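Okay, input07.cif now, which holds mmCIF, C-alpha atoms:
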```cif
data_model
#
loop_
_atom_site.label_atom_id
_atom_site.label_comp_id
_atom_site.auth_asym_id
_atom_site.auth_seq_id
_atom_site.Cartn_x
_atom_site.Cartn_y
_atom_site.Cartn_z
CA MET A 240 101.88 117.27 9.56
CA ASN A 241 99.51 117.95 6.73
CA PHE A 242 100.89 120.88 4.75
CA SER A 243 98.76 122.64 2.18
CA SER A 244 101.87 123.97 0.43
CA LYS A 245 105.08 122.32 -0.76
CA LEU A 246 106.96 125.59 -0.28
CA LEU A 247 105.83 125.75 3.32
CA GLU A 248 106.67 122.10 3.91
CA LYS A 249 110.17 122.53 2.49
CA ALA A 250 110.87 125.63 4.57
CA VAL A 251 109.67 123.88 7.74
CA ASP A 252 111.75 120.81 6.90
CA GLU A 253 114.91 122.87 6.46
CA MET A 254 114.26 124.94 9.57
CA SER A 255 113.63 121.87 11.73
CA GLN A 256 117.11 120.56 10.95
CA LEU A 257 118.56 123.20 13.26
CA PRO A 258 119.42 121.91 16.74
CA GLY A 259 116.59 122.18 19.27
CA ILE A 260 114.04 123.24 16.63
CA GLY A 261 111.24 120.71 16.21
CA LYS A 262 108.62 120.67 13.47
CA ARG A 263 106.12 122.72 15.47
CA THR A 264 108.64 125.40 16.39
CA ALA A 265 109.87 125.47 12.79
CA LEU A 266 106.30 126.01 11.59
CA ARG A 267 105.81 128.85 14.07
CA LEU A 268 109.05 130.52 12.95
CA VAL A 269 108.28 130.11 9.26
CA LEU A 270 104.72 131.45 9.61
CA HIS A 271 106.22 134.40 11.47
CA LEU A 272 108.39 135.13 8.43
CA LEU A 273 105.24 135.26 6.29
CA ASN A 274 103.67 137.80 8.65
CA ARG A 275 106.49 140.32 8.43
CA PRO A 276 107.89 142.30 5.50
CA LYS A 277 109.77 140.24 2.92
CA SER A 278 112.78 142.54 3.23
CA GLN A 279 113.37 141.31 6.79
CA THR A 280 113.57 137.71 5.64
CA GLU A 281 115.93 138.77 2.86
CA GLN A 282 118.16 140.46 5.44
CA LEU A 283 118.14 137.33 7.59
CA THR A 284 119.02 134.95 4.77
CA GLU A 285 121.62 137.32 3.34
CA SER A 286 123.41 137.63 6.65
CA LEU A 287 123.45 133.83 7.06
CA ILE A 288 124.80 133.32 3.55
CA GLN A 289 127.46 136.01 4.06
CA LEU A 290 128.43 134.38 7.32
CA VAL A 291 128.97 130.89 5.94
CA ASN A 292 130.69 132.14 2.81
CA GLN A 293 132.92 134.87 4.19
CA ILE A 294 133.73 133.79 7.73
CA ASN A 295 137.36 133.30 8.63
CA PHE A 296 138.99 131.55 11.50
CA CYS A 297 142.01 133.26 13.02
CA THR A 298 145.05 131.37 11.73
CA SER A 299 146.69 131.72 15.13
CA CYS A 300 144.01 130.96 17.74
CA HIS A 301 141.26 129.46 15.50
CA ASN A 302 138.66 131.85 16.90
CA ILE A 303 136.02 133.19 14.49
CA SER A 304 137.29 136.35 12.86
CA ASP A 305 136.59 138.66 9.93
CA HIS A 306 140.34 138.90 9.31
CA GLU A 307 143.20 136.46 8.99
CA ILE A 308 144.34 137.28 12.51
CA CYS A 309 141.58 137.98 15.03
CA GLU A 310 141.31 141.23 17.01
CA ILE A 311 142.47 139.58 20.22
CA CYS A 312 145.62 138.03 18.69
CA ALA A 313 146.35 141.27 16.81
CA ASN A 314 146.05 143.44 19.92
CA PRO A 315 149.59 144.43 21.03
CA ARG A 316 148.37 145.22 24.55
CA ARG A 317 147.44 141.60 25.24
CA ASP A 318 149.91 139.26 26.90
CA SER A 319 151.01 136.90 24.13
CA GLU A 320 152.94 134.71 26.57
CA THR A 321 149.78 133.44 28.32
CA ILE A 322 147.43 131.19 26.37
CA CYS A 323 144.01 130.11 27.56
CA VAL A 324 142.91 126.82 25.97
CA VAL A 325 139.13 126.59 25.36
CA GLU A 326 136.82 124.24 23.51
CA ASP A 327 134.63 126.64 21.70
CA ILE A 328 134.14 130.17 20.43
CA ARG A 329 131.42 130.68 23.02
CA ASP A 330 133.95 130.07 25.78
CA VAL A 331 136.10 132.90 24.41
CA MET A 332 133.06 135.20 24.59
CA ALA A 333 132.26 134.08 28.13
CA ILE A 334 135.81 134.70 29.37
CA GLU A 335 136.06 138.01 27.51
CA ASN A 336 132.88 139.12 29.26
CA THR A 337 134.58 138.70 32.64
CA ALA A 338 137.32 141.18 31.60
CA GLN A 339 139.69 139.20 33.88
CA PHE A 340 141.96 137.73 31.24
CA LYS A 341 144.50 139.71 29.26
CA GLY A 342 146.28 136.88 27.44
CA LEU A 343 145.45 135.14 24.18
CA TYR A 344 143.23 132.14 23.46
CA HIS A 345 143.55 128.85 21.65
CA VAL A 346 140.23 127.41 20.44
CA LEU A 347 140.44 123.61 20.15
CA GLY A 348 137.10 123.27 18.35
CA GLY A 349 135.78 120.62 20.74
CA LYS A 350 137.09 118.01 23.15
CA ILE A 351 138.27 114.44 22.77
CA SER A 352 135.16 112.25 22.86
CA PRO A 353 135.42 108.64 21.66
CA MET A 354 131.63 108.35 22.11
CA GLU A 355 131.08 111.02 19.45
CA GLY A 356 133.99 109.83 17.35
CA ILE A 357 136.11 112.92 18.05
CA GLY A 358 139.80 112.11 18.40
CA PRO A 359 142.82 114.39 18.96
CA GLN A 360 143.32 114.59 15.18
CA HIS A 361 139.98 116.44 14.84
CA LEU A 362 141.04 119.19 17.22
CA LYS A 363 143.53 122.03 16.89
CA ILE A 364 146.06 120.38 19.18
CA ASP A 365 149.07 120.21 16.84
CA SER A 366 149.15 123.97 16.33
CA LEU A 367 148.96 124.42 20.12
CA VAL A 368 151.91 122.09 20.62
CA ASP A 369 153.81 124.01 17.92
CA LYS A 370 153.19 127.26 19.81
CA VAL A 371 154.60 125.68 22.97
CA LYS A 372 157.60 124.28 21.07
CA SER A 373 158.38 127.71 19.63
CA GLY A 374 159.30 128.77 23.18
CA GLN A 375 157.29 132.01 23.14
CA ILE A 376 154.77 130.86 25.72
CA LYS A 377 155.20 131.06 29.47
CA GLU A 378 151.84 129.81 30.72
CA LEU A 379 149.07 127.62 29.37
CA ILE A 380 145.71 127.80 31.18
CA PHE A 381 143.28 124.93 30.62
CA ALA A 382 139.70 126.25 30.65
CA LEU A 383 137.78 123.23 29.39
CA SER A 384 134.52 121.86 30.78
CA SER A 385 134.88 119.87 33.96
CA THR A 386 133.73 116.60 32.38
CA ILE A 387 135.44 113.32 31.58
CA GLU A 388 135.95 114.52 27.99
CA GLY A 389 137.37 117.83 29.18
CA ASP A 390 139.72 116.11 31.64
CA THR A 391 140.83 113.61 28.97
CA THR A 392 141.62 116.44 26.57
CA ASN A 393 143.55 118.34 29.24
CA PHE A 394 145.58 115.25 30.07
CA TYR A 395 146.30 114.43 26.41
CA ILE A 396 147.66 117.92 25.80
CA PHE A 397 149.54 117.88 29.13
CA LYS A 398 151.40 114.71 28.13
CA LYS A 399 152.42 116.29 24.84
CA ILE A 400 153.87 119.45 26.35
CA GLN A 401 155.04 118.49 29.85
CA ALA A 402 158.64 118.20 28.65
CA TYR A 403 158.73 121.91 27.82
CA ASP A 404 159.55 124.57 30.34
CA ILE A 405 156.19 126.29 30.72
CA ARG A 406 153.72 126.75 33.53
CA ILE A 407 150.57 124.69 33.01
CA THR A 408 147.51 125.69 35.04
CA THR A 409 143.80 125.03 35.05
CA ILE A 410 140.97 127.35 36.06
CA ALA A 411 139.82 126.98 39.67
CA ARG A 412 136.98 124.60 40.47
CA GLY A 413 134.99 125.52 43.54
CA ILE A 414 131.75 126.80 44.95
CA SER A 415 130.03 129.30 42.64
CA VAL A 416 129.78 132.84 43.94
CA GLY A 417 126.38 133.16 45.65
CA ASP A 418 125.92 129.41 46.15
CA GLU A 419 125.06 127.79 49.46
CA LEU A 420 127.42 125.10 50.73
CA GLU A 421 124.75 122.56 51.60
CA TYR A 422 123.63 122.29 47.97
CA ALA A 423 127.11 121.94 46.49
CA ASP A 424 128.15 118.49 45.23
CA GLU A 425 130.79 116.63 47.25
CA VAL A 426 133.49 116.63 44.59
CA THR A 427 133.31 120.37 44.05
CA LEU A 428 133.20 121.08 47.78
CA GLY A 429 136.10 118.69 48.39
CA ARG A 430 138.20 120.37 45.72
CA SER A 431 137.37 123.82 47.05
CA ILE A 432 138.80 122.81 50.44
CA LEU A 433 141.82 121.07 48.93
CA HIS A 434 142.65 124.09 46.78
CA ARG A 435 141.85 126.75 49.35
CA ILE A 436 143.46 130.14 48.82
CA PRO A 437 144.79 132.79 51.21
CA PHE A 438 141.85 134.84 52.46
CA GLU A 439 143.43 138.12 51.36
CA ASN A 440 143.34 136.87 47.76
CA SER A 441 139.59 136.39 47.91
CA LEU A 442 139.11 140.08 48.64
CA ARG A 443 140.40 141.08 45.20
CA ARG A 444 137.72 141.08 42.53
CA MET B 134 127.90 139.76 24.06
CA ASN B 135 131.41 140.28 22.84
CA PHE B 136 131.59 139.14 19.22
CA SER B 137 134.92 138.70 17.52
CA SER B 138 133.27 139.05 14.10
CA LYS B 139 130.85 141.57 12.63
CA LEU B 140 129.47 138.89 10.29
CA LEU B 141 128.72 136.66 13.24
CA GLU B 142 127.18 139.51 15.21
CA LYS B 143 124.90 140.47 12.31
CA ALA B 144 123.74 136.88 11.76
CA VAL B 145 123.00 136.46 15.48
CA ASP B 146 121.14 139.79 15.54
CA GLU B 147 118.92 138.79 12.64
CA MET B 148 118.30 135.32 13.99
CA SER B 149 117.35 136.61 17.44
CA GLN B 150 114.52 138.65 15.92
CA LEU B 151 112.56 135.45 15.41
CA PRO B 152 109.94 134.78 18.11
CA GLY B 153 111.21 132.78 21.08
CA ILE B 154 114.84 132.94 19.92
CA GLY B 155 117.07 134.85 22.33
CA LYS B 156 120.66 135.91 21.71
CA ARG B 157 122.15 132.77 23.19
CA THR B 158 119.94 130.42 21.18
CA ALA B 159 120.61 132.48 18.05
CA LEU B 160 124.36 132.13 18.64
CA ARG B 161 124.01 128.37 19.08
CA LEU B 162 122.01 128.07 15.85
CA VAL B 163 124.39 130.26 13.87
CA LEU B 164 127.49 128.40 15.12
CA HIS B 165 125.75 125.19 14.11
CA LEU B 166 125.45 126.56 10.56
CA LEU B 167 129.21 127.09 10.53
CA ASN B 168 129.82 123.48 11.54
CA ARG B 169 127.85 121.92 8.72
CA PRO B 170 128.38 122.07 4.94
CA LYS B 171 127.67 125.45 3.32
CA SER B 172 125.26 123.81 0.88
CA GLN B 173 122.85 123.04 3.73
CA THR B 174 122.70 126.67 4.77
CA GLU B 175 122.17 127.64 1.14
CA GLN B 176 119.24 125.21 0.95
CA LEU B 177 117.77 126.66 4.13
CA THR B 178 118.01 130.27 3.01
CA GLU B 179 116.80 129.46 -0.49
CA SER B 180 113.70 127.69 0.77
CA LEU B 181 112.90 130.63 3.08
CA ILE B 182 113.33 133.15 0.24
CA GLN B 183 111.22 131.04 -2.10
CA LEU B 184 108.56 130.77 0.56
CA VAL B 185 108.20 134.49 1.21
CA ASN B 186 108.41 135.39 -2.47
CA GLN B 187 106.25 132.71 -4.04
CA ILE B 188 103.69 131.81 -1.42
CA ASN B 189 100.03 132.23 -2.32
CA PHE B 190 96.94 132.34 -0.22
CA CYS B 191 93.89 130.51 -1.54
CA THR B 192 91.53 133.17 -2.91
CA SER B 193 88.58 131.24 -1.53
CA CYS B 194 89.53 130.10 1.98
CA HIS B 195 92.71 132.20 2.57
CA ASN B 196 94.72 129.14 3.55
CA ILE B 197 98.36 128.98 2.45
CA SER B 198 98.59 127.39 -0.97
CA ASP B 199 100.96 126.96 -3.91
CA HIS B 200 98.05 127.61 -6.30
CA GLU B 201 95.32 130.20 -6.61
CA ILE B 202 92.81 127.75 -5.15
CA CYS B 203 94.11 125.42 -2.42
CA GLU B 204 93.97 121.64 -2.65
CA ILE B 205 91.15 121.42 -0.12
CA CYS B 206 88.88 123.94 -1.88
CA ALA B 207 89.71 122.37 -5.26
CA ASN B 208 88.86 118.84 -4.10
CA PRO B 209 85.45 117.87 -5.60
CA ARG B 210 84.97 115.14 -2.98
CA ARG B 211 84.82 117.66 -0.14
CA ASP B 212 81.50 119.03 1.06
CA SER B 213 81.49 122.63 -0.13
CA GLU B 214 78.27 123.40 1.78
CA THR B 215 79.94 123.08 5.18
CA ILE B 216 82.51 125.68 6.17
CA CYS B 217 84.71 125.50 9.24
CA VAL B 218 85.86 128.94 10.41
CA VAL B 219 89.35 128.97 11.95
CA GLU B 220 91.83 131.62 13.05
CA ASP B 221 95.01 130.33 11.57
CA ILE B 222 96.67 128.01 9.07
CA ARG B 223 97.84 125.81 11.94
CA ASP B 224 94.23 125.17 12.94
CA VAL B 225 93.51 123.85 9.44
CA MET B 226 96.43 121.43 9.83
CA ALA B 227 95.24 120.34 13.27
CA ILE B 228 91.70 119.62 12.06
CA GLU B 229 92.95 117.91 8.88
CA ASN B 230 95.06 115.62 11.06
CA THR B 231 91.91 114.36 12.80
CA ALA B 232 90.47 113.21 9.43
CA GLN B 233 87.02 113.95 10.91
CA PHE B 234 86.04 116.90 8.74
CA LYS B 235 85.14 116.67 5.08
CA GLY B 236 83.96 120.23 4.46
CA LEU B 237 85.94 123.34 3.52
CA TYR B 238 87.67 125.93 5.69
CA HIS B 239 87.69 129.67 6.02
CA VAL B 240 90.88 131.11 7.57
CA LEU B 241 90.20 134.44 9.28
CA GLY B 242 93.86 135.26 9.84
CA GLY B 243 93.43 135.99 13.55
CA LYS B 244 90.70 137.04 15.96
CA ILE B 245 89.25 140.37 17.03
CA SER B 246 91.53 141.73 19.75
CA PRO B 247 91.26 145.41 20.71
CA MET B 248 94.28 144.92 23.01
CA GLU B 249 96.46 144.06 20.01
CA GLY B 250 94.72 146.57 17.75
CA ILE B 251 93.10 143.91 15.58
CA GLY B 252 89.61 144.88 14.48
CA PRO B 253 87.13 143.06 12.19
CA GLN B 254 88.50 144.99 9.20
CA HIS B 255 91.88 143.23 9.63
CA LEU B 256 90.31 139.78 9.29
CA LYS B 257 88.82 137.92 6.33
CA ILE B 258 85.25 138.39 7.60
CA ASP B 259 83.72 140.18 4.59
CA SER B 260 84.56 137.34 2.20
CA LEU B 261 82.99 134.88 4.67
CA VAL B 262 79.80 136.93 4.84
CA ASP B 263 79.77 137.07 1.02
CA LYS B 264 79.98 133.27 0.90
CA VAL B 265 77.00 133.03 3.24
CA LYS B 266 75.05 135.62 1.20
CA SER B 267 75.66 133.63 -1.99
CA GLY B 268 73.32 130.95 -0.59
CA GLN B 269 75.69 128.04 -1.31
CA ILE B 270 76.44 127.27 2.32
CA LYS B 271 74.30 125.14 4.61
CA GLU B 272 76.40 125.05 7.77
CA LEU B 273 79.05 127.24 9.35
CA ILE B 274 81.13 125.67 12.15
CA PHE B 275 83.00 128.04 14.46
CA ALA B 276 86.31 126.47 15.51
CA LEU B 277 88.04 129.41 17.19
CA SER B 278 89.97 129.37 20.46
CA SER B 279 87.81 129.33 23.55
CA THR B 280 89.00 132.75 24.74
CA ILE B 281 87.34 136.13 25.11
CA GLU B 282 88.80 137.15 21.72
CA GLY B 283 87.57 133.95 20.10
CA ASP B 284 84.08 134.35 21.57
CA THR B 285 83.96 138.01 20.50
CA THR B 286 84.91 137.08 16.95
CA ASN B 287 82.31 134.30 16.86
CA PHE B 288 79.64 136.69 18.10
CA TYR B 289 80.60 139.45 15.64
CA ILE B 290 80.31 137.05 12.69
CA PHE B 291 77.12 135.52 14.12
CA LYS B 292 75.43 138.95 14.20
CA LYS B 293 76.36 139.56 10.56
CA ILE B 294 74.94 136.28 9.25
CA GLN B 295 72.14 135.33 11.62
CA ALA B 296 69.52 136.69 9.21
CA TYR B 297 70.48 134.07 6.61
CA ASP B 298 69.01 130.60 6.54
CA ILE B 299 72.07 128.52 7.50
CA ARG B 300 72.93 126.31 10.44
CA ILE B 301 75.53 127.90 12.71
CA THR B 302 77.37 125.56 15.07
CA THR B 303 80.48 125.62 17.23
CA ILE B 304 82.86 122.78 18.07
CA ALA B 305 82.06 120.97 21.33
CA ARG B 306 83.74 122.12 24.55
CA GLY B 307 84.15 119.41 27.14
CA ILE B 308 86.52 117.15 29.01
CA SER B 309 89.52 116.09 26.93
CA VAL B 310 89.73 112.43 26.06
CA GLY B 311 91.91 110.78 28.73
CA ASP B 312 91.43 113.57 31.29
CA GLU B 313 90.34 113.00 34.87
CA LEU B 314 87.24 114.87 36.04
CA GLU B 315 88.69 116.15 39.29
CA TYR B 316 91.34 118.19 37.47
CA ALA B 317 88.96 119.75 34.92
CA ASP B 318 88.07 123.41 35.36
CA GLU B 319 84.53 124.24 36.46
CA VAL B 320 83.43 126.02 33.30
CA THR B 321 84.48 123.17 31.03
CA LEU B 322 82.95 120.55 33.30
CA GLY B 323 79.73 122.58 33.57
CA ARG B 324 79.49 122.90 29.80
CA SER B 325 80.19 119.21 29.31
CA ILE B 326 77.14 118.40 31.48
CA LEU B 327 74.95 121.04 29.87
CA HIS B 328 75.81 119.83 26.37
CA ARG B 329 75.74 116.10 27.14
CA ILE B 330 75.18 113.78 24.20
CA PRO B 331 73.35 110.45 23.82
CA PHE B 332 75.66 107.69 25.05
CA GLU B 333 75.39 105.75 21.76
CA ASN B 334 76.94 108.72 19.99
CA SER B 335 80.03 108.57 22.19
CA LEU B 336 80.74 105.02 20.98
CA ARG B 337 81.41 106.21 17.41
CA ARG B 338 84.94 107.33 16.84
#
```
Turn the structure described in the file into structure tokens.
Amino acid sequence: MNFSSKLLEKAVDEMSQLPGIGKRTALRLVLHLLNRPKSQTEQLTESLIQLVNQINFCTSCHNISDHEICEICANPRRDSETICVVEDIRDVMAIENTAQFKGLYHVLGGKISPMEGIGPQHLKIDSLVDKVKSGQIKELIFALSSTIEGDTTNFYIFKKIQAYDIRITTIARGISVGDELEYADEVTLGRSILHRIPFENSLRR
Amino acid sequence: MNFSSKLLEKAVDEMSQLPGIGKRTALRLVLHLLNRPKSQTEQLTESLIQLVNQINFCTSCHNISDHEICEICANPRRDSETICVVEDIRDVMAIENTAQFKGLYHVLGGKISPMEGIGPQHLKIDSLVDKVKSGQIKELIFALSSTIEGDTTNFYIFKKIQAYDIRITTIARGISVGDELEYADEVTLGRSILHRIPFENSLRR
């Protein structure tokens, strides 16, 4: 692209380093900033700077938090004996939105992926194993993506903690609510039959 | 969405005010910022702040510029008697990329659109008419979008300057290079026949 301004070029360059933002989109976003009051751009940049400088991660579950211990871990009404293991902060949000889980979380920060050079040492696995060792946990629920990387991570953690006396579960895989059977993939459909549940249980929502 | 952090929520809110960025995309972008070194986010925000605070618009053509007069207007090798009228800074870039135009530009800053409350007084039309009045221009090329708003804007400017002795042209409308005739719309195809050119001319690139 042929920029008439170095300032513009630099802003577009920086913006286009964000994931999924190409040069054209970056240009559109940056020109939008020029069309609105400066104060709005100052608010945007200030909130980003505050975020990266002041953000904390909960020392217990590694979720994003404004405090040393996040609101979920600090909430005495949550069941601290049940831990749901997730990859990412977004997964915590997704599960919280269902309002079906009253335990605590443990955010691994990713999954084991040799292809991307992510090994167990890059994830928050040690602190999870320590929690299990401490004997305060009764159940660990794996809620990772149903991919090879997710399964590998589950299995790695399982091997590390299987000697301890806790219940280890994984979220149910099956047909999505509202989906038609004929379009479901074979593996999912097969698992949904294998892990069928008493009909009465399906009536609870 | 259920944010565990006010800082995160604020950053996502600000980010999602950009055009085409929803809450989910904003969250993905903001979490990406947290995963990379702080210095990169500081560079991003600094370049945006510099842009909105220091940007200039060329006093002659109204294009974005780091100086009072942009590089194109200041270039003595460009033909200052031919002016290409465009809506937007992006159109200048697009035409510059073709390397087919050696004149100067005039950036209107939009087109007349009663639906969006944009009248002639919101556009840089007066300064264009002044340029024409000054007698230094031989040709004005309209290069606006081929929409009702574009045509209206062309016609409004045409009425204001038709009394002056200059050539007024508009970029050719026709079948795109590489397009198949059967998929072209009728109006474009009709115009391409009406405004046919000598075959020899089509051999020049």
Region 394-400 of chain A: which residues within 12 Å, counting all atoms listed in the file, same-chain residues fewer than 4 positions away excluded, as number ranges by chain? A: 324, 347, 350-352, 358-360, 362-374, 376, 378-381, 383, 387-390, 404-409
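Comparing A:Ile260, A:Asp305, A:Ile322, A:Glu248 by their smallest distance to chain B, the closest is A:Asp305 (using only C-alpha atoms).
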Could you list the residues chosen by the PyMOL selection byres ((chain B) within 9 of (chain A)) in this structure as a VMD selection string? chain B and resid 134 to 141 143 to 148 151 to 153 160 to 167 170 to 171 173 to 189 196 to 200 203 to 205 222 to 223 225 to 227 229 to 230
